[in-house]
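Enquirer: Below is a structure I'd like to ask you about.
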Amino acid sequence: VKGGEEREGAMAAAVSAVSAKKSKSPMRAGRVDTPHVDDLVPAEAAALASMRARRDALCTDFRAVEWAGAKDSAARPTPEFVREFCDDYCLLRYLRARAWDVDDAAVMLAETVKWRWSARPDRIEFADVAQQAAAGSNYQHGFDKLGHPVFYMRARRDPPGTTKEKLDLILYNMEQGIRSMDTSRGIEKFVYIIDLKAFSVSQAGADPKLAQQWISILQSHYPERLGCVFVVDAGLIFTGFWNIISYFIDSETRGKMEFKSQDRFRKDLPSSPWFSASAIESDYGGLLPPKVSDSDYAAAMSKFSNEIEPVSVEDRKPLVKHVASKSKGKLSYFGLSR
């Protein structure tokens, strides 16, 4: 009888835990992406308390398994660094990203802390990315109706440069976008408009490694930051790529992707829940002039052509062959495999 009671008690506790995970904290008036920490339901508040303890352990016990590879004390994140990054809302993002599993969230958070201490995306300055930024391939411009920073990616404008240079520009913009968020309103996410019009994998700035590295970093180290992605004028290459990888992406992430032609984007703008005409660039039906014009882009590329040797036809063949191949090639261009 005692064994049966214990099993029933364990089952009841498990059912209670599952129910708690499904419950959601109320959203205070005026808040957008995340509830105020004072409004958490008991189950979420308990998970946050556990995550605070895990954070404190990272601050005080660098002998823990997460830091086993950091033999030099200077290579280990300082307690001040950990505490500044891991505030309550950061901890909640990692909990949500791991379905409120404290153990999984703590492991993910520790990996991010190590990555941020090593890569220091927070220390990238505009001077470090100015040359890449001049072409206008990736920038933040304005906010959506809810106050989310809006990023524009124009793939056809990708200038020559290393993967690191291009990735640094993306990271710089994301970090600046995060700093611009009104945290008092619970804003934590950003929105992307990825314009693939006229993009070609044979163009000088095409980089098969960039998409892979950016997606990996976004998923691993910026959880719960992506609000919505609008992919504009996706050609056959991206469509084929997306049709393949969408099977491996969870439904919540797939639900954040919208594919539209530029014409459809413009027609839908008046009824868009995301954008107002006054806060979107004119190419997409809005009133804002592009932050980087075509003439600015041409001037930047002219400077690149004077400073960087042009990419030869032979150098481009590894990229072009992916286009000519079937689905496997489409995956490998974006740094993925079956």
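Labels for the structure tokens follow display order: chains A, B, ..., residues from 1 in each chain, ligands from 1.
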Could you go through region 112-222 of chain A and tell me which residues DSSP, when run on the backbone, assigns to helix (DSSP H, G or I), listing them as JSON, numbers by chain?
Expert: {"A": [112, 113, 114, 115, 116, 117, 118, 119, 121, 122, 123, 126, 127, 128, 129, 130, 131, 132, 133, 155, 156, 157, 163, 164, 165, 166, 167, 168, 169, 170, 171, 172, 173, 174, 175, 176, 177, 178, 179, 183, 184, 185, 210, 211, 212, 213, 214, 215, 216, 217, 218, 219, 220, 221]}
Enquirer: Quick check for you: according to DSSP on this backbone, which residues of region 122-259 of chain A are classed as strand (DSSP E)? Reply as number ranges by chain.
Expert: A: 138-143, 149-154, 190-195, 226-232, 257-259
Enquirer: Which neighbours of region 220-223 of chain A fall inside 9 Å, counting only C-alpha atoms, when residues of the same chain fewer than 4 positions from it are skipped, and could you give them as a list in words?
Expert: Arg93, Tyr94, Arg96, Ala97, Met108, Leu109, Glu111, Thr112, Val113, Trp115, Arg116, Ile215 and Ser216 of chain A
Enquirer: With N, CA, C and O atoms retained, export the selected residues as an mmCIF file, in the first residue's frame.
Expert:
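What follows is the written file again.cif:
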data_model
loop_
_atom_site.group_PDB
_atom_site.id
_atom_site.type_symbol
_atom_site.label_atom_id
_atom_site.label_comp_id
_atom_site.auth_asym_id
_atom_site.auth_seq_id
_atom_site.Cartn_x
_atom_site.Cartn_y
_atom_site.Cartn_z
ATOM 1 N N ARG A 93 14.044 34.552 -19.949
ATOM 2 C CA ARG A 93 14.129 34.213 -21.375
ATOM 3 C C ARG A 93 14.685 32.803 -21.558
ATOM 4 O O ARG A 93 14.207 32.031 -22.401
ATOM 5 N N TYR A 94 15.703 32.484 -20.792
ATOM 6 C CA TYR A 94 16.294 31.148 -20.918
ATOM 7 C C TYR A 94 15.343 30.074 -20.400
ATOM 8 O O TYR A 94 15.293 28.961 -20.951
ATOM 9 N N ARG A 96 12.016 30.257 -20.557
ATOM 10 C CA ARG A 96 10.994 30.090 -21.596
ATOM 11 C C ARG A 96 11.537 29.306 -22.778
ATOM 12 O O ARG A 96 10.842 28.478 -23.371
ATOM 13 N N ALA A 97 12.799 29.578 -23.131
ATOM 14 C CA ALA A 97 13.404 28.883 -24.273
ATOM 15 C C ALA A 97 13.556 27.393 -24.029
ATOM 16 O O ALA A 97 13.627 26.603 -24.978
ATOM 17 N N MET A 108 22.156 26.065 -20.814
ATOM 18 C CA MET A 108 22.138 26.996 -21.943
ATOM 19 C C MET A 108 22.706 28.354 -21.539
ATOM 20 O O MET A 108 23.503 28.960 -22.273
ATOM 21 N N LEU A 109 22.309 28.823 -20.369
ATOM 22 C CA LEU A 109 22.787 30.119 -19.890
ATOM 23 C C LEU A 109 24.291 30.108 -19.675
ATOM 24 O O LEU A 109 24.994 31.061 -20.039
ATOM 25 N N GLU A 111 26.521 28.336 -21.184
ATOM 26 C CA GLU A 111 27.200 28.365 -22.483
ATOM 27 C C GLU A 111 27.196 29.775 -23.066
ATOM 28 O O GLU A 111 28.170 30.214 -23.663
ATOM 29 N N THR A 112 26.093 30.491 -22.890
ATOM 30 C CA THR A 112 26.025 31.865 -23.388
ATOM 31 C C THR A 112 27.001 32.772 -22.646
ATOM 32 O O THR A 112 27.677 33.606 -23.257
ATOM 33 N N VAL A 113 27.076 32.622 -21.325
ATOM 34 C CA VAL A 113 27.998 33.449 -20.547
ATOM 35 C C VAL A 113 29.431 33.227 -21.020
ATOM 36 O O VAL A 113 30.198 34.182 -21.196
ATOM 37 N N TRP A 115 30.356 32.172 -23.982
ATOM 38 C CA TRP A 115 30.486 32.734 -25.328
ATOM 39 C C TRP A 115 30.612 34.249 -25.286
ATOM 40 O O TRP A 115 31.471 34.829 -25.956
ATOM 41 N N ARG A 116 29.782 34.911 -24.500
ATOM 42 C CA ARG A 116 29.819 36.374 -24.438
ATOM 43 C C ARG A 116 31.138 36.867 -23.843
ATOM 44 O O ARG A 116 31.656 37.903 -24.262
ATOM 45 N N ILE A 215 22.486 32.021 -37.514
ATOM 46 C CA ILE A 215 21.360 31.259 -36.986
ATOM 47 C C ILE A 215 21.770 30.500 -35.733
ATOM 48 O O ILE A 215 21.027 30.433 -34.749
ATOM 49 N N SER A 216 22.976 29.930 -35.749
ATOM 50 C CA SER A 216 23.460 29.186 -34.584
ATOM 51 C C SER A 216 23.579 30.092 -33.361
ATOM 52 O O SER A 216 23.139 29.738 -32.255
#
Enquirer: Would you mind telling me which residue in A:His141, A:Glu80, A:Leu58, A:Ile194 lies nearest to Pro289 (chain A) when using only C-alpha atoms?
Expert: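 Closest residue, counting only C-alpha atoms: A:His141.
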Enquirer: Provide the CA of Cys90 (chain A) to CA of Leu146 (chain A) distance in Å, to one decimal place.
Expert: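 Separation between CA of Cys90 (chain A) and CA of Leu146 (chain A): 20.1 Å.
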Enquirer: Pick out the residues sitting within 12 Å of Ala29 (chain A), and hand them over as a PyMOL selection string; count only C-alpha atoms, and ignore anything fewer than 3 positions along from it in its own chain.
Expert: chain A and resi 26+32-36+39+184-186
Enquirer: If you measure from CA of Pro270 (chain A) to CA of Asp283 (chain A), what distance in Å do you get, rounded to one decimal?
Expert: 14.5 Å
Enquirer: Which residue gives the smallest distance to Asp296 (chain A) among A:Arg157, A:Phe230, A:Ala106, A:Ser276, with only C-alpha atoms counted?
Expert: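 Answer, going by the shortest atom-to-atom distance: A:Arg157.
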Enquirer: With a distance cut-off of 9 Å and only C-alpha atoms, select the neighbouring residues of Val232 (chain A), excluding the residue or stretch itself and same-chain residues fewer than 4 positions from it, and output the selection as a ChimeraX atom specification.
Expert: /A:193-197,258-262,265
Enquirer: Using only C-alpha atoms, which protein or nucleic acid residues come within 9 Å of Thr162 (chain A)? Drop anything in the same chain fewer than 4 positions from it, and give the result as a count of residues only.
Expert: 3
